[in-house]
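Data file: my_file24.pdb. Format and content: PDB, C-alpha atoms.
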```
MODEL        1
ATOM      1  CA  MET A 276      39.883 181.740 168.461
ATOM      2  CA  LYS A 277      37.421 182.495 165.684
ATOM      3  CA  GLU A 278      39.372 185.602 164.690
ATOM      4  CA  GLU A 279      42.616 183.612 164.605
ATOM      5  CA  PHE A 280      41.095 180.935 162.433
ATOM      6  CA  ASP A 281      39.508 183.431 160.046
ATOM      7  CA  HIS A 282      42.889 185.129 159.745
ATOM      8  CA  ILE A 283      44.532 181.807 158.784
ATOM      9  CA  ASP A 284      41.830 181.217 156.175
ATOM     10  CA  ASP A 285      42.532 184.614 154.652
ATOM     11  CA  LEU A 286      46.290 184.067 154.820
ATOM     12  CA  ILE A 287      46.069 180.652 153.117
ATOM     13  CA  GLY A 288      43.822 182.112 150.453
ATOM     14  CA  LYS A 289      46.226 184.923 149.663
ATOM     15  CA  CYS A 290      49.195 182.545 149.481
ATOM     16  CA  LEU A 291      47.423 180.029 147.231
ATOM     17  CA  SER A 292      46.293 182.771 144.876
ATOM     18  CA  GLY A 293      49.777 184.328 144.735
ATOM     19  CA  GLU A 294      48.657 187.600 146.289
ATOM     20  CA  ALA A 295      50.560 187.301 149.597
ATOM     21  CA  LYS A 296      53.629 189.294 150.539
ATOM     22  CA  GLU A 297      56.943 187.656 151.411
ATOM     23  CA  GLU A 298      56.383 188.014 155.162
ATOM     24  CA  GLU A 299      52.923 186.500 154.838
ATOM     25  CA  TYR A 300      54.353 183.426 153.087
ATOM     26  CA  ALA A 301      56.812 183.079 155.983
ATOM     27  CA  GLN A 302      54.006 183.488 158.507
ATOM     28  CA  LEU A 303      52.037 180.698 156.844
ATOM     29  CA  GLN A 304      55.049 178.391 156.768
ATOM     30  CA  ASN A 305      55.571 178.922 160.509
ATOM     31  CA  TRP A 306      51.893 178.201 161.203
ATOM     32  CA  ARG A 307      51.980 174.981 159.164
ATOM     33  CA  ALA A 308      55.059 173.797 161.053
ATOM     34  CA  GLN A 309      53.396 174.245 164.460
ATOM     35  CA  SER A 310      51.316 171.051 164.309
ATOM     36  CA  GLU A 311      50.200 168.170 162.109
ATOM     37  CA  SER A 312      46.602 169.375 162.274
ATOM     38  CA  ASN A 313      47.630 172.767 160.872
ATOM     39  CA  GLU A 314      49.422 171.067 157.985
ATOM     40  CA  ALA A 315      46.446 168.772 157.338
ATOM     41  CA  TYR A 316      44.083 171.740 157.227
ATOM     42  CA  TYR A 317      46.342 173.572 154.771
ATOM     43  CA  LYS A 318      46.517 170.498 152.538
ATOM     44  CA  GLN A 319      42.729 170.281 152.586
ATOM     45  CA  LEU A 320      42.316 173.824 151.286
ATOM     46  CA  GLN A 321      45.174 173.419 148.819
ATOM     47  CA  LEU A 322      43.492 170.341 147.323
ATOM     48  CA  ILE A 323      40.282 172.288 146.766
ATOM     49  CA  PHE A 324      42.161 175.175 145.197
ATOM     50  CA  ASP A 325      44.283 172.931 142.919
ATOM     51  CA  LYS A 326      41.251 171.069 141.615
ATOM     52  CA  ALA A 327      39.493 174.334 140.911
ATOM     53  CA  LYS A 328      42.434 175.623 138.868
ATOM     54  CA  THR A 329      42.105 172.750 136.388
ATOM     55  CA  ILE A 330      38.699 173.902 135.227
ATOM     56  CA  GLU A 331      38.665 176.341 132.341
ATOM     57  CA  GLN A 332      34.919 176.914 132.068
ATOM     58  CA  THR A 333      32.853 178.821 134.611
ATOM     59  CA  GLN A 334      29.108 179.110 134.937
ATOM     60  CA  LEU A 335      26.694 180.933 137.203
ATOM     61  CA  PHE A 336      25.811 179.049 140.391
ATOM     62  CA  ASP A 337      24.491 179.794 143.870
ATOM     63  CA  THR A 338      27.955 180.644 145.203
ATOM     64  CA  ASP A 339      26.990 181.049 148.855
ATOM     65  CA  ARG A 340      25.243 177.682 148.879
ATOM     66  CA  ALA A 341      28.210 176.007 147.184
ATOM     67  CA  TRP A 342      30.668 177.517 149.646
ATOM     68  CA  ARG A 343      28.532 176.526 152.642
ATOM     69  CA  LYS A 344      28.439 172.945 151.395
ATOM     70  CA  VAL A 345      32.233 172.769 151.061
ATOM     71  CA  LYS A 346      32.902 174.581 154.324
ATOM     72  CA  SER A 347      30.481 172.411 156.308
ATOM     73  CA  LYS A 348      32.643 169.359 155.583
ATOM     74  CA  MET A 349      35.871 170.929 156.759
ATOM     75  CA  VAL A 350      37.275 170.554 160.254
ATOM     76  CA  SER A 351      39.396 173.150 162.025
ATOM     77  CA  PRO A 352      42.878 172.392 163.359
ATOM     78  CA  LYS A 353      41.357 172.091 166.847
ATOM     79  CA  GLY A 354      38.946 169.404 165.672
ATOM     80  CA  LYS A 355      35.865 171.637 165.829
ATOM     81  CA  GLN A 356      33.454 172.139 162.972
ATOM     82  CA  VAL A 357      34.401 175.258 161.048
ATOM     83  CA  LYS A 358      31.933 178.116 161.212
ATOM     84  CA  LEU A 359      30.985 179.954 158.075
ATOM     85  CA  ILE A 360      33.250 182.936 157.551
ATOM     86  CA  PRO A 361      32.622 186.121 155.602
ATOM     87  CA  PHE A 362      33.112 186.321 151.877
ATOM     88  CA  TRP A 363      36.509 184.859 150.965
ATOM     89  CA  ASN A 364      37.195 185.301 147.289
ATOM     90  CA  VAL A 365      39.781 182.668 146.583
ATOM     91  CA  ILE A 366      38.194 179.683 148.321
ATOM     92  CA  ARG A 367      34.669 180.705 147.325
ATOM     93  CA  ILE A 368      35.806 180.671 143.699
ATOM     94  CA  ALA A 369      37.361 177.268 144.352
ATOM     95  CA  ALA A 370      34.040 176.002 145.700
ATOM     96  CA  ILE A 371      32.201 177.390 142.697
ATOM     97  CA  LEU A 372      34.644 175.769 140.334
ATOM     98  CA  LEU A 373      34.391 172.459 142.159
ATOM     99  CA  VAL A 374      30.723 172.513 141.245
ATOM    100  CA  SER A 375      31.902 173.155 137.694
ATOM    101  CA  VAL A 376      34.037 170.032 138.001
ATOM    102  CA  GLY A 377      30.889 168.022 138.550
ATOM    103  CA  ILE A 378      29.033 169.725 135.728
ATOM    104  CA  GLY A 379      32.049 169.419 133.452
ATOM    105  CA  TYR A 380      32.463 165.742 134.273
ATOM    106  CA  PHE A 381      28.874 164.922 133.417
ATOM    107  CA  ALA A 382      29.084 167.049 130.271
ATOM    108  CA  TYR A 383      32.211 165.149 129.247
ATOM    109  CA  GLN A 384      30.468 161.857 129.903
ATOM    110  CA  TRP A 385      27.488 162.967 127.828
ATOM    111  CA  LEU A 386      29.677 164.059 124.926
ATOM    112  CA  ASN A 387      31.663 160.819 124.925
ATOM    113  CA  THR A 388      28.961 158.266 125.695
ATOM    114  CA  PRO A 389      28.077 156.282 122.565
ATOM    115  CA  ASP A 390      24.474 156.358 121.353
ATOM    116  CA  GLU A 391      24.793 152.842 120.005
ATOM    117  CA  ILE A 392      26.823 149.876 121.284
ATOM    118  CA  PHE A 393      26.983 146.463 119.630
ATOM    119  CA  LEU A 394      28.912 143.468 120.976
ATOM    120  CA  LEU A 395      30.007 140.473 118.937
ATOM    121  CA  THR A 396      31.848 137.473 120.377
ATOM    122  CA  ALA A 397      33.260 134.312 118.803
ATOM    123  CA  ASP A 398      34.240 131.558 121.207
ATOM    124  CA  LYS A 399      34.719 128.094 119.721
ATOM    125  CA  SER A 400      33.421 128.831 116.237
ATOM    126  CA  ILE A 401      33.722 131.553 113.602
ATOM    127  CA  VAL A 402      31.026 134.242 113.739
ATOM    128  CA  ARG A 403      29.721 136.264 110.784
ATOM    129  CA  ASP A 404      27.405 139.212 111.309
ATOM    130  CA  SER A 405      26.444 142.662 110.088
ATOM    131  CA  LEU A 406      27.225 145.728 112.162
ATOM    132  CA  PRO A 407      24.623 148.423 112.889
ATOM    133  CA  ASP A 408      26.092 150.735 110.218
ATOM    134  CA  GLY A 409      25.784 148.143 107.446
ATOM    135  CA  SER A 410      29.395 147.002 107.608
ATOM    136  CA  TYR A 411      30.147 143.278 107.765
ATOM    137  CA  ALA A 412      32.441 141.429 110.169
ATOM    138  CA  VAL A 413      33.829 137.915 110.367
ATOM    139  CA  LEU A 414      35.331 136.988 113.735
ATOM    140  CA  ASN A 415      37.820 134.182 114.063
ATOM    141  CA  LYS A 416      37.550 131.893 117.073
ATOM    142  CA  GLN A 417      38.383 133.351 120.499
ATOM    143  CA  SER A 418      37.784 136.908 119.271
ATOM    144  CA  LYS A 419      35.418 139.718 120.163
ATOM    145  CA  ILE A 420      34.583 143.237 119.082
ATOM    146  CA  GLN A 421      32.699 146.147 120.560
ATOM    147  CA  TYR A 422      31.152 148.520 118.040
ATOM    148  CA  ALA A 423      30.167 151.994 119.221
ATOM    149  CA  TYR A 424      28.712 154.962 117.375
ATOM    150  CA  ASN A 425      28.687 158.456 118.846
ATOM    151  CA  LYS A 426      26.412 161.002 117.149
ATOM    152  CA  ARG A 427      28.224 163.938 118.737
ATOM    153  CA  SER A 428      31.669 162.958 117.440
ATOM    154  CA  ASN A 429      30.102 161.282 114.375
ATOM    155  CA  GLN A 430      32.594 158.445 114.754
ATOM    156  CA  ARG A 431      32.248 154.678 114.450
ATOM    157  CA  LYS A 432      34.729 152.888 116.680
ATOM    158  CA  ILE A 433      35.582 149.198 117.036
ATOM    159  CA  VAL A 434      37.568 147.763 119.930
ATOM    160  CA  LEU A 435      39.010 144.415 118.836
ATOM    161  CA  GLU A 436      40.463 141.492 120.740
ATOM    162  CA  GLY A 437      41.653 138.611 118.575
ATOM    163  CA  GLU A 438      41.209 138.463 114.804
ATOM    164  CA  ALA A 439      38.485 139.784 112.532
ATOM    165  CA  PHE A 440      37.806 140.661 108.904
ATOM    166  CA  PHE A 441      35.834 143.794 108.044
ATOM    167  CA  GLU A 442      33.960 144.886 104.948
ATOM    168  CA  VAL A 443      33.341 148.513 105.778
ATOM    169  CA  ASN A 444      30.325 150.491 104.692
ATOM    170  CA  HIS A 445      32.465 153.517 103.913
ATOM    171  CA  GLN A 446      30.949 156.853 104.936
ATOM    172  CA  GLU A 447      33.199 159.857 104.470
ATOM    173  CA  ALA A 448      31.512 161.880 107.216
ATOM    174  CA  LYS A 449      31.572 159.010 109.718
ATOM    175  CA  PRO A 450      35.100 157.675 110.240
ATOM    176  CA  PHE A 451      35.400 153.930 110.897
ATOM    177  CA  ILE A 452      38.234 153.277 113.354
ATOM    178  CA  ILE A 453      39.498 150.077 114.938
ATOM    179  CA  GLU A 454      41.502 150.137 118.153
ATOM    180  CA  THR A 455      43.456 147.169 119.426
ATOM    181  CA  GLY A 456      45.870 147.883 122.221
ATOM    182  CA  GLU A 457      47.770 151.044 121.283
ATOM    183  CA  VAL A 458      47.304 150.496 117.553
ATOM    184  CA  ILE A 459      44.689 152.229 115.393
ATOM    185  CA  ILE A 460      43.445 151.073 111.980
ATOM    186  CA  GLU A 461      41.404 153.627 110.073
ATOM    187  CA  ASP A 462      39.241 152.752 107.086
ATOM    188  CA  ILE A 463      39.770 154.633 103.829
ATOM    189  CA  GLY A 464      37.138 152.695 101.843
ATOM    190  CA  THR A 465      38.185 149.102 102.417
ATOM    191  CA  SER A 466      37.853 145.478 103.300
ATOM    192  CA  PHE A 467      40.673 144.254 105.498
ATOM    193  CA  ASN A 468      41.760 141.760 108.142
ATOM    194  CA  VAL A 469      43.226 142.546 111.542
ATOM    195  CA  MET A 470      45.050 139.922 113.605
ATOM    196  CA  ALA A 471      45.771 141.129 117.143
ATOM    197  CA  LEU A 472      46.170 138.034 119.287
ATOM    198  CA  PRO A 473      47.272 138.822 122.863
ATOM    199  CA  GLU A 474      49.902 136.077 122.883
ATOM    200  CA  ARG A 475      51.612 137.274 119.697
ATOM    201  CA  SER A 476      54.347 139.919 119.630
ATOM    202  CA  THR A 477      52.923 141.525 116.502
ATOM    203  CA  ILE A 478      49.687 142.971 115.138
ATOM    204  CA  GLU A 479      49.032 142.302 111.440
ATOM    205  CA  VAL A 480      46.734 144.064 108.991
ATOM    206  CA  TYR A 481      46.022 142.631 105.547
ATOM    207  CA  VAL A 482      44.119 144.797 103.037
ATOM    208  CA  GLU A 483      41.912 142.918 100.601
ATOM    209  CA  SER A 484      40.576 146.029  98.870
ATOM    210  CA  GLY A 485      40.866 149.792  99.198
ATOM    211  CA  GLU A 486      43.242 151.387 101.695
ATOM    212  CA  VAL A 487      43.776 151.703 105.449
ATOM    213  CA  ALA A 488      45.874 153.890 107.718
ATOM    214  CA  PHE A 489      47.796 151.813 110.269
ATOM    215  CA  TYR A 490      49.250 153.909 113.112
ATOM    216  CA  THR A 491      49.442 154.803 116.814
ATOM    217  CA  LEU A 492      48.949 158.103 118.575
ATOM    218  CA  LYS A 493      52.746 158.461 118.770
ATOM    219  CA  ASP A 494      53.676 157.170 115.308
ATOM    220  CA  ALA A 495      52.180 158.138 111.938
ATOM    221  CA  GLY A 496      52.643 154.516 110.888
ATOM    222  CA  ILE A 497      51.984 153.389 107.310
ATOM    223  CA  ASN A 498      49.197 153.346 104.756
ATOM    224  CA  LEU A 499      48.360 149.987 103.217
ATOM    225  CA  VAL A 500      46.614 149.343  99.893
ATOM    226  CA  ALA A 501      44.979 146.253  98.412
ATOM    227  CA  GLY A 502      47.200 143.175  98.594
ATOM    228  CA  GLU A 503      49.567 144.623 101.198
ATOM    229  CA  THR A 504      50.181 143.389 104.726
ATOM    230  CA  GLY A 505      51.454 145.636 107.487
ATOM    231  CA  ILE A 506      52.938 144.477 110.753
ATOM    232  CA  TYR A 507      53.370 146.293 114.065
ATOM    233  CA  HIS A 508      56.029 145.034 116.480
ATOM    234  CA  LYS A 509      54.744 145.555 120.019
ATOM    235  CA  GLU A 510      58.164 145.515 121.696
ATOM    236  CA  SER A 511      59.957 147.949 119.385
ATOM    237  CA  LYS A 512      56.732 149.881 118.635
ATOM    238  CA  SER A 513      57.629 149.953 114.939
ATOM    239  CA  PHE A 514      55.753 149.394 111.674
ATOM    240  CA  ALA A 515      56.808 147.467 108.563
ATOM    241  CA  ARG A 516      55.394 146.001 105.375
ATOM    242  CA  LEU A 517      55.601 142.256 104.844
ATOM    243  CA  LEU A 518      57.237 141.351 101.558
ATOM    244  CA  LYS A 519      55.237 138.150 101.260
ATOM    245  CA  THR A 520      51.617 137.743 102.314
ATOM    246  CA  ASP A 521      50.347 134.488 103.749
ATOM    247  CA  THR A 522      47.969 133.109 101.114
ATOM    248  CA  ASN A 523      45.865 131.447 103.823
ATOM    249  CA  ARG A 524      45.535 134.530 106.029
ATOM    250  CA  LEU A 525      41.810 134.734 105.249
ATOM    251  CA  ALA A 526      41.115 131.000 105.181
ATOM    252  CA  TYR A 527      38.993 131.251 108.335
ATOM    253  CA  LYS A 528      36.722 133.648 106.409
ATOM    254  CA  THR A 529      36.755 132.065 102.930
ATOM    255  CA  GLY A 530      37.194 128.379 103.810
ATOM    256  CA  ILE A 531      39.812 128.155 101.052
ATOM    257  CA  PHE A 532      43.306 126.814 101.741
ATOM    258  CA  VAL A 533      46.044 126.866  99.120
ATOM    259  CA  PHE A 534      49.264 124.978  99.896
ATOM    260  CA  ARG A 535      52.180 125.071  97.477
ATOM    261  CA  ASN A 536      55.116 122.879  98.427
ATOM    262  CA  SER A 537      54.142 123.438 102.046
ATOM    263  CA  ASP A 538      55.457 121.312 104.899
ATOM    264  CA  LEU A 539      52.957 119.178 106.792
ATOM    265  CA  GLU A 540      53.598 120.956 110.097
ATOM    266  CA  SER A 541      52.565 124.309 108.592
ATOM    267  CA  ILE A 542      49.558 122.791 106.852
ATOM    268  CA  ILE A 543      48.285 121.289 110.096
ATOM    269  CA  ALA A 544      48.821 124.574 111.965
ATOM    270  CA  ASP A 545      46.733 126.488 109.394
ATOM    271  CA  LEU A 546      43.957 123.912 109.435
ATOM    272  CA  ASN A 547      43.859 123.697 113.237
ATOM    273  CA  ALA A 548      43.520 127.477 113.441
ATOM    274  CA  VAL A 549      40.180 127.243 111.613
ATOM    275  CA  TYR A 550      38.599 123.859 112.330
ATOM    276  CA  ASP A 551      37.341 122.770 115.736
ATOM    277  CA  ALA A 552      38.645 119.217 115.399
ATOM    278  CA  LYS A 553      42.442 119.061 115.638
ATOM    279  CA  ILE A 554      45.008 117.186 113.562
ATOM    280  CA  ARG A 555      48.118 115.737 115.211
ATOM    281  CA  LEU A 556      51.141 113.802 114.036
ATOM    282  CA  GLY A 557      51.827 110.381 115.469
ATOM    283  CA  ASN A 558      55.426 110.571 114.233
ATOM    284  CA  VAL A 559      57.209 113.929 114.558
ATOM    285  CA  ALA A 560      59.430 113.049 111.561
ATOM    286  CA  LEU A 561      56.385 113.530 109.309
ATOM    287  CA  LYS A 562      56.341 117.288 109.903
ATOM    288  CA  ASN A 563      58.728 117.874 106.982
ATOM    289  CA  CYS A 564      56.601 116.041 104.419
ATOM    290  CA  ARG A 565      55.645 118.468 101.656
ATOM    291  CA  LEU A 566      52.394 118.828  99.796
ATOM    292  CA  ASN A 567      50.692 120.733  96.958
ATOM    293  CA  VAL A 568      46.964 120.845  97.556
ATOM    294  CA  THR A 569      43.942 123.171  97.625
ATOM    295  CA  PHE A 570      40.929 122.762  99.898
ATOM    296  CA  ARG A 571      37.669 124.609  99.283
ATOM    297  CA  ASN A 572      35.286 124.387 102.213
ATOM    298  CA  GLU A 573      35.806 120.639 102.642
ATOM    299  CA  ARG A 574      34.926 118.865 105.876
ATOM    300  CA  ILE A 575      37.855 118.291 108.194
ATOM    301  CA  GLU A 576      37.481 114.505 107.989
ATOM    302  CA  ASP A 577      37.719 114.674 104.176
ATOM    303  CA  ILE A 578      40.771 116.934 104.366
ATOM    304  CA  VAL A 579      42.553 114.482 106.670
ATOM    305  CA  GLU A 580      41.754 111.563 104.342
ATOM    306  CA  ILE A 581      43.090 113.479 101.332
ATOM    307  CA  ILE A 582      46.352 114.287 103.122
ATOM    308  CA  ALA A 583      46.739 110.695 104.297
ATOM    309  CA  GLU A 584      46.016 109.277 100.824
ATOM    310  CA  THR A 585      48.435 111.666  99.137
ATOM    311  CA  LEU A 586      51.304 111.022 101.550
ATOM    312  CA  GLY A 587      50.611 107.343 102.166
ATOM    313  CA  LEU A 588      49.800 107.826 105.866
ATOM    314  CA  LYS A 589      47.313 106.247 108.235
ATOM    315  CA  VAL A 590      44.545 108.090 110.088
ATOM    316  CA  ASN A 591      43.560 107.242 113.640
ATOM    317  CA  LYS A 592      40.771 108.931 115.592
ATOM    318  CA  GLU A 593      41.586 109.743 119.208
ATOM    319  CA  GLY A 594      38.775 111.520 120.997
ATOM    320  CA  GLY A 595      37.954 114.485 118.800
ATOM    321  CA  ASP A 596      41.419 114.585 117.204
ATOM    322  CA  TYR A 597      42.738 113.068 113.980
ATOM    323  CA  VAL A 598      46.192 111.496 114.216
ATOM    324  CA  LEU A 599      48.270 111.116 111.058
ATOM    325  CA  ASP A 600      50.839 108.350 111.402
ATOM    326  CA  GLY A 601      53.406 106.471 109.387
ATOM    327  CA  MET A 602      57.108 105.719 109.196
ATOM    328  CA  SER A 603      57.777 108.321 106.482
ATOM    329  CA  CYS A 604      56.135 110.231 103.663
ATOM    330  CA  GLY A 605      54.788 107.805 101.098
ATOM    331  CA  SER A 606      55.211 104.779 103.426
TER
ENDMDL
END
```

Go ahead and express the file in the form of structure tokens.
Amino acid sequence: MKEEFDHIDDLIGKCLSGEAKEEEYAQLQNWRAQSESNEAYYKQLQLIFDKAKTIEQTQLFDTDRAWRKVKSKMVSPKGKQVKLIPFWNVIRIAAILLVSVGIGYFAYQWLNTPDEIFLLTADKSIVRDSLPDGSYAVLNKQSKIQYAYNKRSNQRKIVLEGEAFFEVNHQEAKPFIIETGEVIIEDIGTSFNVMALPERSTIEVYVESGEVAFYTLKDAGINLVAGETGIYHKESKSFARLLKTDTNRLAYKTGIFVFRNSDLESIIADLNAVYDAKIRLGNVALKNCRLNVTFRNERIEDIVEIIAETLGLKVNKEGGDYVLDGMSCGS
């Protein structure tokens, strides 16, 4: 029985390595078809061989010890533990290379493991903080970033969820890259804002100064310079430049709101996106009231009073919310 099994090992090895003759391939196919256990055993050796083929690097190892370890875990078609067979080139090489898989995996992990990781999270309030490289970040509410620096790749990488503004400490030799979903924003000496809210169908990048590259691995995307806003449509996977930039895009960072002939519904939406206390309308007809006003870091209660005074509305406090009410604008 031992001789028969050793012969099958040799036959499988020759077929997997492409060294078998046509009649030997046929012989193996017949043997595999004889029972499920034969087929299972073949699949076991094929898996080892296929994994070994994916490794390009080879190193010197104790080959006999490696082969014994692999062979000791294999079971023969008859359910008996397989005895060690004489030198078998193909599968021994596979065993050696499987050890390389382990070494290669840990080498890959070492090369790609960051030396420095920094987490920053903003829940119910805006967070401002410096990053380990000297860059500066402002996170809008419900946002978070993970900063990582890898000495081996010499790359600074940010993973962003939500919205954040960055003033980058530009270092030519150390690229500063932001990833959000499939989109990549790469610093070219800049300060810029990235809005990547999960519930929105777009990702927006506004450049305050300098230049950024805005792209994906499958699309070269666009370059944006100071004053420009780029938008990425998630569904169509396409990039575009916005012709008109929202003047209050950075209000969460600066505290400055500028409204020019803006409707009350839009004003409230912008304010609610920044302040913890919320403003609501008691009469939906008021949403079309228009207003010219600028707010510079005022308290939310003062902002509500100014709006109410300007439009002739009343202010009611309900829980933590401010309710603007009235029959019409100026009533």

| Selection result for the PyMOL selection byres ((chain A and resi 599) around 7) on this file, as a ChimeraX atom specification | /A:555-557,583,588-591,597-598,600

| field | Nearby residues (only C-alpha atoms) at most 12 Å from Ser513 in chain A, same-chain spacing under 6 positions excluded, as a PyMOL selection string | value | chain A and resi 457-458+476-478+489-491+493-497+505-507

| task | Using the chain letters and residue numbers of this document, give as a list of chain:residue names the residues selected by the PyMOL selection byres ((chain A and resi 429-437) around 7). | result | A:Gln417, A:Ser418, A:Lys419, A:Ile420, A:Gln421, A:Tyr422, A:Ala423, A:Tyr424, A:Asn425, A:Lys426, A:Arg427, A:Ser428, A:Glu438, A:Ala439, A:Lys449, A:Pro450, A:Phe451, A:Ile452, A:Ile453, A:Glu454, A:Thr455, A:Met470, A:Ala471, A:Leu472

| field | Who sits within 12 Å of Glu573 in chain A, all atoms listed in the file, same chain under 6 positions skipped, as a list in words | value |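 After dropping sequence-adjacent residues, the list is Ala526, Thr529, Gly530, Ile531, Phe532, Leu546, Val549, Tyr550, Val579, Glu580 and Ile581 of chain A.
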
| said: Please report the interatomic distance between CA of Thr504 in chain A and CA of Tyr527 in chain A in Å with one decimal. | reply: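 Interatomic distance, CA of Thr504 in chain A to CA of Tyr527 in chain A: 16.9 Å.
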
Who sits within 10 Å of Ala552 in chain A, all atoms listed in the file, same chain under 4 positions skipped, as a PDB file with C-alpha atoms, keeping the file's coordinate frame:
```pdb
ATOM      1  CA  LEU A 546      43.957 123.912 109.435  1.00  0.00           C
ATOM      2  CA  ASN A 547      43.859 123.697 113.237  1.00  0.00           C
ATOM      3  CA  ALA A 548      43.520 127.477 113.441  1.00  0.00           C
ATOM      4  CA  ILE A 575      37.855 118.291 108.194  1.00  0.00           C
ATOM      5  CA  GLU A 576      37.481 114.505 107.989  1.00  0.00           C
ATOM      6  CA  GLY A 594      38.775 111.520 120.997  1.00  0.00           C
ATOM      7  CA  GLY A 595      37.954 114.485 118.800  1.00  0.00           C
ATOM      8  CA  ASP A 596      41.419 114.585 117.204  1.00  0.00           C
ATOM      9  CA  TYR A 597      42.738 113.068 113.980  1.00  0.00           C
TER      10      TYR A 597
END
```

| remark: As a check of understanding: the span from CA of Leu414 in chain A to CA of Lys592 in chain A is 28.6 Å

| Point-to-point distance in Å for CA of Ser537 in chain A and CA of Arg475 in chain A | 22.6 Å

| field | Selection as number ranges by chain: residues within 8 Å of (46.0, 136.7, 107.4), counting only C-alpha atoms | value | A: 468-470, 479-481, 520-526

If we count all atoms listed in the file and set the cut-off at 9 Å, which residues sit around Val443 in chain A, ignoring sequence neighbours fewer than 5 positions away in its own chain? Please answer as a compact mmCIF listing (two decimals) with C-alpha atoms, in the frame of the given file.
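Result saved to around_31.txt:
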```
# COMPACT_ATOMS: atom_id res chain seq x y z
CA ASP A 408 26.09 150.74 110.22
CA GLY A 409 25.78 148.14 107.45
CA SER A 410 29.40 147.00 107.61
CA TYR A 411 30.15 143.28 107.76
CA ALA A 412 32.44 141.43 110.17
CA PHE A 451 35.40 153.93 110.90
CA ASP A 462 39.24 152.75 107.09
CA GLY A 464 37.14 152.70 101.84
CA THR A 465 38.18 149.10 102.42
CA SER A 466 37.85 145.48 103.30
CA PHE A 467 40.67 144.25 105.50
```

| message | Counting all atoms listed in the file, which residue out of A:Asp390, A:Lys562, A:Val568, A:Lys528 sits closest to Arg403 in chain A? | response |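 Of A:Asp390, A:Lys562, A:Val568, A:Lys528, the one nearest Arg403 in chain A, counting all atoms listed in the file, is A:Lys528.
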
| query | Nearest to Glu298 in chain A: which of A:Val482, A:Leu286, A:Ile459, A:Leu561 is it, counting all atoms listed in the file? | reply | A:Leu286
